[in-house]
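K.L.:
Below are the structure tokens for one structure; questions will follow.
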Number of protein chains: 2
Amino acid sequence: MIDIVILGTGAMTPLPERNLSAMLLRCEGRQILVDCGEGTQVAIREYGYGLKSIDGIAITHFHGDHFFGLPGLLQSLEHAGRTEPVWVAGPEGLDEMMERVLGMTGDLAFPVELRSEESFVSTNLLIETFPLSHRIPAQGYKFILERSGEFFPEKAREFGVAKDQWSRLQTGETVGNVTPQMVMGPKRKGISVVYATDTRPSRSIVEAARGVDLLIMDGTYPNEEKMAHAVKYGHMHFLEAAALAAEAGVKEAWLTHFSHSIEDPQEHMKAAQAIFPNIHSSFDGKKATLRFE
Amino acid sequence: MIDIVILGTGAMTPLPERNLSAMLLRCEGRQILVDCGEGTQVAIREYGYGLKSIDGIAITHFHGDHFFGLPGLLQSLEHAGRTEPVWVAGPEGLDEMMERVLGMTGDLAFPVELRSEESFVSTNLLIETFPLSHRIPAQGYKFILERSGEFFPEKAREFGVAKDQWSRLQTGETVGNVTPQMVMGPKRKGISVVYATDTRPSRSIVEAARGVDLLIMDGTYPNEEKMAHAVKYGHMHFLEAAALAAEAGVKEAWLTHFSHSIEDPQEHMKAAQAIFPNIHSSFDGKKATLRFE
């Protein structure tokens, strides 16, 4: 099971009524934060979550509205008694930007581990990064909760494995001569979520998002009337995003990162839903729980 | 006239219901910001003020809750079309901290001027700094709006100055052989405001605040029960602050920078007011307009 909460849907500057775009992802009691603009730590508290169980922070790119909240969040983790490591992932520039961030916080009571790999594991999730197409280096994130195959008790019994050893097989251990493969079916479909902002439409999004349960996307502008802005600033409008979602065949898509000029994104969804019916605008505090099929 | 708005009264970590301690001071349509924790730019908007007319930012010290909002505020100033210089004042460490801050924002469309002088002039105000007694270098600020002497029209007439030249005399110019001193009385009492947090009690506060119209002070803890904390973390409790206000003979004093453990500071004011009657707790959004006597 993965819980998602959209902490903010704003762009550029935090507003009293709209937090900057960020997402909190929970899995088995641990959390991963995606992006951390100014005020993101307040939004986490606002929606009833704590900071303590954050394992890491995935930064899409180093524009202020996506990372200026990092010094404060890291410091608040320290105030919350954190001593275990916290990872921070990000695109090109991660090392030097984190040097500035950590220069502002001073020494912390926990290690900060920088992650610039294309994929890594945290919080029981496989995390893959992929390039976005923005004005500066930017990357999207795919979070995958894998699901093992079905367990067949009758086979375990047949091979003479005691019942109290079954959980070892289920979690991938071999018991005596019995391997998990002997008592379990093939891997089943897991849960996957893709977060892709800020960006122009790109093939890498379609590839990363193919068939995912939830695709969260740059929806800075409502439609092609703002195409010149979208191109200039490296963003998408709702219809471009809907086309990507359709092409990737995702289960559901959400838009975020709304320009200040969009008062109510909901008003612009009809045209996008004509392209991909299961696309929705998100809002600060929007939640979803994704379960195994 | 000086307008004051308390943008926040919190300490350490921003909370949904309490912004971090900061103050906005307005004089003749221009603004000075004192401290800039995470979310201060949002608080400015929340209380109906704009960012455009901010001339400078006075930082008391480089603990996160007093300056982590700087990268975002400076960037938002740029988004608001700022091209004129903005000053940032602060204690020891200003240069290197601002290097990190400006490393995060990247190049801005306006110059940032660092002010480490003991006193300087901005926004028609004389600004004086004085040392605070905290765990790291910290300074308080005194803002003085001076008031020239009374203008005597009959004297100006007597010396034969034409009426359309009077304003030149009033603003300090000499007209012909007539000096301002010849047609004006002695300087009158102006308006002065002192901002002093984070700090232990100190003589420098009493000296800076002697007779001021408004003294805004560190009130992290309610009373002597938290004295060990106050000493350890370099803060004051309400009664210490009240004693300072009494000693300095200020007109009015406000407390700010409340510990998370104080839910309603108002509940603890009685004992402080027994020491200095005109001391009050402040709250996010508290305003005052100070006028010439």
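Ligands are numbered from 1 in the order shown, residues from 1 within each chain, and chains are lettered A, B, ... in the order they appear in the structure tokens.
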Excluding same-chain residues fewer than 2 positions from Phe151 in chain B, what lies within 10 Å of it counting only C-alpha atoms, as a list in words?
P.N.:
Ser148, Gly149, Pro153, Glu154, Lys155, Ala156, Trp166, Ser167, Leu169, Gln170, Pro180, Gln181, Met182, Val183, Met184, Gly185 and Pro186 of chain B
K.L.:
Counting only C-alpha atoms, what are the residues of chain B within 10 Å of chain A, and for each of them which pair of atoms is the nearest and at what distance in Å, to one decimal? Sort the table by chain and rising number, as CSV.
P.N.:
residue,atom,partner,partner_atom,distance
B:Met12,CA,A:Ser76,CA,8.0
B:Thr13,CA,A:Ser76,CA,6.3
B:Pro14,CA,A:Val42,CA,6.3
B:Leu15,CA,A:Val42,CA,5.7
B:Pro16,CA,A:Val42,CA,5.6
B:Glu17,CA,A:Glu46,CA,8.9
B:Arg18,CA,A:Val42,CA,9.9
B:Asn19,CA,A:Val42,CA,9.5
B:Gly37,CA,A:Gly72,CA,8.7
B:Glu38,CA,A:Glu38,CA,6.2
B:Gly39,CA,A:Gly39,CA,5.6
B:Thr40,CA,A:Gly39,CA,9.4
B:Gln41,CA,A:Pro14,CA,7.9
B:Val42,CA,A:Pro16,CA,5.6
B:Ala43,CA,A:Pro16,CA,7.4
B:Ile44,CA,A:Pro16,CA,9.3
B:Arg45,CA,A:Pro16,CA,6.9
B:Glu46,CA,A:Pro16,CA,5.7
B:Tyr47,CA,A:Pro16,CA,9.5
B:Phe62,CA,A:Met104,CA,8.2
B:His63,CA,A:Thr105,CA,7.9
B:Gly64,CA,A:Gly72,CA,6.6
B:Asp65,CA,A:Gly72,CA,7.7
B:Phe67,CA,A:Met104,CA,9.1
B:Phe68,CA,A:Gly72,CA,6.5
B:Gly69,CA,A:Glu38,CA,7.2
B:Leu70,CA,A:Phe68,CA,9.2
B:Pro71,CA,A:Phe68,CA,6.8
B:Gly72,CA,A:Phe68,CA,6.5
B:Leu73,CA,A:Thr13,CA,8.9
B:Gln75,CA,A:Gly64,CA,7.6
B:Ser76,CA,A:Thr13,CA,6.3
B:Leu77,CA,A:Thr13,CA,10.0
B:His79,CA,A:Met12,CA,8.4
B:Glu96,CA,A:Gly103,CA,9.1
B:Met97,CA,A:Met104,CA,6.7
B:Met98,CA,A:Met104,CA,9.3
B:Glu99,CA,A:Arg100,CA,8.5
B:Arg100,CA,A:Arg100,CA,5.0
B:Val101,CA,A:Arg100,CA,7.4
B:Leu102,CA,A:Arg100,CA,9.2
B:Gly103,CA,A:Arg100,CA,6.8
B:Met104,CA,A:Met97,CA,6.7
B:Thr105,CA,A:Gly64,CA,6.6
B:Gly106,CA,A:His63,CA,9.3
K.L.:
Give me a file of those residues, with N, CA and C atoms, as a compact mmCIF listing (two decimals), in the first residue's frame.
P.N.:
# COMPACT_ATOMS: atom_id res chain seq x y z
N MET B 12 12.02 28.62 16.54
CA MET B 12 12.61 27.36 16.12
C MET B 12 12.04 26.82 14.80
N THR B 13 10.77 26.44 14.80
CA THR B 13 10.18 25.74 13.66
C THR B 13 8.86 26.42 13.29
N PRO B 14 8.63 26.68 12.00
CA PRO B 14 7.34 27.27 11.62
C PRO B 14 6.21 26.27 11.81
N LEU B 15 5.09 26.73 12.32
CA LEU B 15 3.93 25.87 12.54
C LEU B 15 2.76 26.40 11.71
N PRO B 16 1.80 25.52 11.38
CA PRO B 16 0.65 26.01 10.62
C PRO B 16 -0.03 27.19 11.31
N GLU B 17 -0.07 27.18 12.65
CA GLU B 17 -0.82 28.23 13.35
C GLU B 17 0.07 29.33 13.92
N ARG B 18 1.37 29.28 13.67
CA ARG B 18 2.25 30.33 14.19
C ARG B 18 3.47 30.49 13.29
N ASN B 19 3.57 31.65 12.64
CA ASN B 19 4.73 31.93 11.79
C ASN B 19 5.96 32.17 12.65
N GLY B 37 12.49 34.29 8.56
CA GLY B 37 12.50 32.83 8.65
C GLY B 37 11.71 32.23 7.50
N GLU B 38 11.71 30.90 7.44
CA GLU B 38 10.95 30.21 6.40
C GLU B 38 9.47 30.61 6.51
N GLY B 39 8.91 31.08 5.42
CA GLY B 39 7.49 31.44 5.41
C GLY B 39 7.22 32.91 5.65
N THR B 40 8.25 33.70 5.94
CA THR B 40 8.01 35.13 6.21
C THR B 40 7.40 35.83 4.99
N GLN B 41 7.82 35.46 3.79
CA GLN B 41 7.24 36.10 2.60
C GLN B 41 5.75 35.79 2.48
N VAL B 42 5.35 34.63 2.93
CA VAL B 42 3.92 34.27 2.90
C VAL B 42 3.17 35.12 3.93
N ALA B 43 3.78 35.30 5.11
CA ALA B 43 3.14 36.11 6.16
C ALA B 43 2.95 37.55 5.69
N ILE B 44 3.93 38.08 4.97
CA ILE B 44 3.80 39.46 4.47
C ILE B 44 2.55 39.58 3.61
N ARG B 45 2.36 38.61 2.73
CA ARG B 45 1.17 38.62 1.87
C ARG B 45 -0.10 38.39 2.69
N GLU B 46 0.01 37.47 3.67
CA GLU B 46 -1.13 37.12 4.51
C GLU B 46 -1.71 38.36 5.19
N TYR B 47 -0.84 39.29 5.58
CA TYR B 47 -1.32 40.47 6.30
C TYR B 47 -1.50 41.65 5.36
N PHE B 62 22.08 34.45 12.65
CA PHE B 62 22.00 33.40 11.64
C PHE B 62 21.62 32.04 12.21
N HIS B 63 20.57 32.01 12.99
CA HIS B 63 19.88 30.76 13.28
C HIS B 63 18.73 30.65 12.27
N GLY B 64 18.50 29.40 11.84
CA GLY B 64 17.57 29.16 10.73
C GLY B 64 16.23 29.86 10.86
N ASP B 65 15.67 29.88 12.06
CA ASP B 65 14.32 30.45 12.20
C ASP B 65 14.30 31.96 11.98
N PHE B 67 16.47 33.38 9.35
CA PHE B 67 16.95 33.78 8.01
C PHE B 67 16.75 32.76 6.89
N PHE B 68 16.19 31.59 7.18
CA PHE B 68 16.02 30.59 6.11
C PHE B 68 15.01 31.04 5.04
N GLY B 69 14.26 32.09 5.30
CA GLY B 69 13.33 32.60 4.29
C GLY B 69 13.97 33.56 3.30
N LEU B 70 15.25 33.87 3.52
CA LEU B 70 15.90 34.88 2.66
C LEU B 70 15.99 34.49 1.19
N PRO B 71 16.44 33.25 0.85
CA PRO B 71 16.52 32.92 -0.59
C PRO B 71 15.16 33.11 -1.27
N GLY B 72 14.11 32.64 -0.64
CA GLY B 72 12.77 32.75 -1.24
C GLY B 72 12.30 34.18 -1.35
N LEU B 73 12.53 34.96 -0.31
CA LEU B 73 12.09 36.36 -0.34
C LEU B 73 12.82 37.13 -1.44
N GLN B 75 14.19 35.94 -4.13
CA GLN B 75 13.74 35.48 -5.44
C GLN B 75 12.34 36.03 -5.77
N SER B 76 11.50 36.11 -4.75
CA SER B 76 10.15 36.66 -5.00
C SER B 76 10.22 38.15 -5.31
N LEU B 77 11.18 38.85 -4.71
CA LEU B 77 11.38 40.26 -5.05
C LEU B 77 11.71 40.39 -6.54
N HIS B 79 10.88 38.22 -8.89
CA HIS B 79 9.66 37.92 -9.65
C HIS B 79 8.70 39.11 -9.66
N GLU B 96 29.59 35.56 4.66
CA GLU B 96 29.64 34.15 4.22
C GLU B 96 28.25 33.53 4.15
N MET B 97 27.35 33.96 5.05
CA MET B 97 26.00 33.40 4.99
C MET B 97 25.29 33.87 3.72
N MET B 98 25.50 35.14 3.36
CA MET B 98 24.84 35.66 2.17
C MET B 98 25.42 35.04 0.89
N GLU B 99 26.68 34.61 0.98
CA GLU B 99 27.26 33.92 -0.17
C GLU B 99 26.50 32.61 -0.42
N ARG B 100 26.15 31.92 0.66
CA ARG B 100 25.37 30.67 0.51
C ARG B 100 23.96 30.96 0.02
N VAL B 101 23.36 31.99 0.63
CA VAL B 101 21.98 32.35 0.24
C VAL B 101 21.94 32.71 -1.25
N LEU B 102 22.90 33.51 -1.70
CA LEU B 102 22.90 33.94 -3.09
C LEU B 102 23.39 32.83 -4.01
N GLY B 103 24.08 31.86 -3.44
CA GLY B 103 24.42 30.66 -4.21
C GLY B 103 23.18 29.84 -4.49
N MET B 104 22.22 29.88 -3.58
CA MET B 104 20.97 29.15 -3.79
C MET B 104 20.06 29.87 -4.78
N THR B 105 20.00 31.20 -4.70
CA THR B 105 19.10 31.92 -5.61
C THR B 105 19.67 32.03 -7.01
N GLY B 106 21.01 32.00 -7.13
CA GLY B 106 21.62 32.34 -8.41
C GLY B 106 21.54 33.84 -8.60
K.L.:
Run DSSP on the backbone and give me the residues of range 236-286 of chain A it puts in strand (DSSP E or B), as a count of residues only.
P.N.:
10
K.L.:
Could you check which of B:Glu92, B:Glu117, B:Asp218, B:Glu293 is closest to Ala242 in chain B, using only C-alpha atoms?
P.N.:
B:Asp218
K.L.:
Rank nothing, just name the residue among A:His257, A:Lys286, A:Lys251, A:His237 nearest to Ala271 in chain A, using only C-alpha atoms.
P.N.:
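Closest to Ala271 in chain A of all the choices is A:His237.
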K.L.:
What's the 12 Å shell around Arg168 in chain A, counting only C-alpha atoms, without same-chain residues fewer than 4 positions away, as a list in words?
P.N.:
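What passes the distance filter is Phe151, Ala156, Val161, Ala162, Lys163, Asp164, Gly172, Glu173, Thr174, Val175, Gly176, Val178, Thr179, Pro180 and Val183 of chain A.
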K.L.:
What's the 12 Å shell around Ile279 in chain B, counting only C-alpha atoms, without same-chain residues fewer than 5 positions away, as number ranges by chain?
P.N.:
B: 213-217, 219, 238-246, 249-256, 265-266, 268-274
K.L.:
Would you mind writing down, as a ChimeraX atom specification, each residue of range 98-237 of chain A that DSSP on the backbone assigns to alpha helix (DSSP H)?
P.N.:
/A:98-105,153-158,166-170,180-183,203-209,227-233
K.L.:
When you draw a straight line from CA of Lys226 in chain B to CA of Leu7 in chain B, how long is it in Å?
P.N.:
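Between these atoms lies a distance of 25.4 Å.
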K.L.:
Tell me which of B:Arg26, B:Lys142, B:His229, B:Lys52 sits closest to Ile205 in chain B, counting only C-alpha atoms.
P.N.:
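The closest residue to Ile205 in chain B is B:Lys142.
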K.L.:
Mind pulling up the distance from CA of Arg291 in chain B to CA of Glu146 in chain B?
P.N.:
11.5 Å
K.L.:
Please identify all polymer residues within 12 Å of Ala228 in chain A, counting only C-alpha atoms, omitting same-chain residues fewer than 6 positions from it, and present them as an mmCIF file with C-alpha atoms, in the first residue's frame.
P.N.:
data_model
loop_
_atom_site.group_PDB
_atom_site.id
_atom_site.type_symbol
_atom_site.label_atom_id
_atom_site.label_comp_id
_atom_site.auth_asym_id
_atom_site.auth_seq_id
_atom_site.Cartn_x
_atom_site.Cartn_y
_atom_site.Cartn_z
ATOM 1 C CA ARG A 200 7.891 20.138 -21.215
ATOM 2 C CA TYR A 221 -0.922 26.467 -17.721
ATOM 3 C CA GLY A 234 9.766 24.850 -19.716
ATOM 4 C CA HIS A 235 6.313 23.746 -18.564
ATOM 5 C CA MET A 236 3.224 21.962 -19.881
ATOM 6 C CA HIS A 237 -0.364 22.982 -20.309
#
K.L.:
I'd like the neighbourhood of Ser119 in chain B as a PyMOL selection string, where a residue qualifies if any of its atoms comes within 10 Å (using only C-alpha atoms), though same-chain residues fewer than 6 positions away should be ignored.
P.N.:
chain B and resi 126-130+141-143
K.L.:
Contacts of Ile54 in chain A at 10 Å or less, counting only C-alpha atoms, minus same-chain residues fewer than 2 places along, as number ranges by chain?
P.N.:
A: 24-26, 29-33, 49-52, 56-57, 77, 82, 85-87, 123
K.L.:
With C-alpha atoms retained, could you export that selection as a PDB file, in the first residue's frame?
P.N.:
ATOM      1  CA  LEU A  24       4.601  13.116   0.480  1.00  0.00           C
ATOM      2  CA  LEU A  25       4.594   9.398  -0.169  1.00  0.00           C
ATOM      3  CA  ARG A  26       4.059   6.913   2.679  1.00  0.00           C
ATOM      4  CA  GLY A  29       4.975   3.759   8.068  1.00  0.00           C
ATOM      5  CA  ARG A  30       7.950   5.475   6.422  1.00  0.00           C
ATOM      6  CA  GLN A  31       7.865   8.553   4.228  1.00  0.00           C
ATOM      7  CA  ILE A  32       9.558  10.013   1.184  1.00  0.00           C
ATOM      8  CA  LEU A  33       9.184  13.675   0.336  1.00  0.00           C
ATOM      9  CA  TYR A  49       1.966  14.100   9.102  1.00  0.00           C
ATOM     10  CA  GLY A  50       5.158  14.193  11.114  1.00  0.00           C
ATOM     11  CA  LEU A  51       8.705  14.793   9.985  1.00  0.00           C
ATOM     12  CA  LYS A  52      10.308  11.990  11.988  1.00  0.00           C
ATOM     13  CA  GLY A  56      14.667  10.875   2.168  1.00  0.00           C
ATOM     14  CA  ILE A  57      13.895  13.846  -0.010  1.00  0.00           C
ATOM     15  CA  LEU A  77      14.341  16.934  11.509  1.00  0.00           C
ATOM     16  CA  ARG A  82      16.673  12.654  14.174  1.00  0.00           C
ATOM     17  CA  PRO A  85      20.741   9.245   7.988  1.00  0.00           C
ATOM     18  CA  VAL A  86      18.469  11.121   5.579  1.00  0.00           C
ATOM     19  CA  TRP A  87      19.054  10.912   1.857  1.00  0.00           C
ATOM     20  CA  THR A 123      11.457   2.719   2.260  1.00  0.00           C
TER      21      THR A 123
END
K.L.:
With distances taken over only C-alpha atoms, which of A:Ser261, A:Ser192, A:Ser21, A:Thr199 is nearest to Phe292 in chain A?
P.N.:
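Ranked by minimum distance to Phe292 in chain A, first place goes to A:Ser192.
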K.L.:
Go through B:Asn223, B:Asn124, B:Thr83, B:Thr60 and flag the residue nearest Leu108 in chain B, using only C-alpha atoms for the distances.
P.N.:
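Selected residue with least distance to Leu108 in chain B: B:Thr83.
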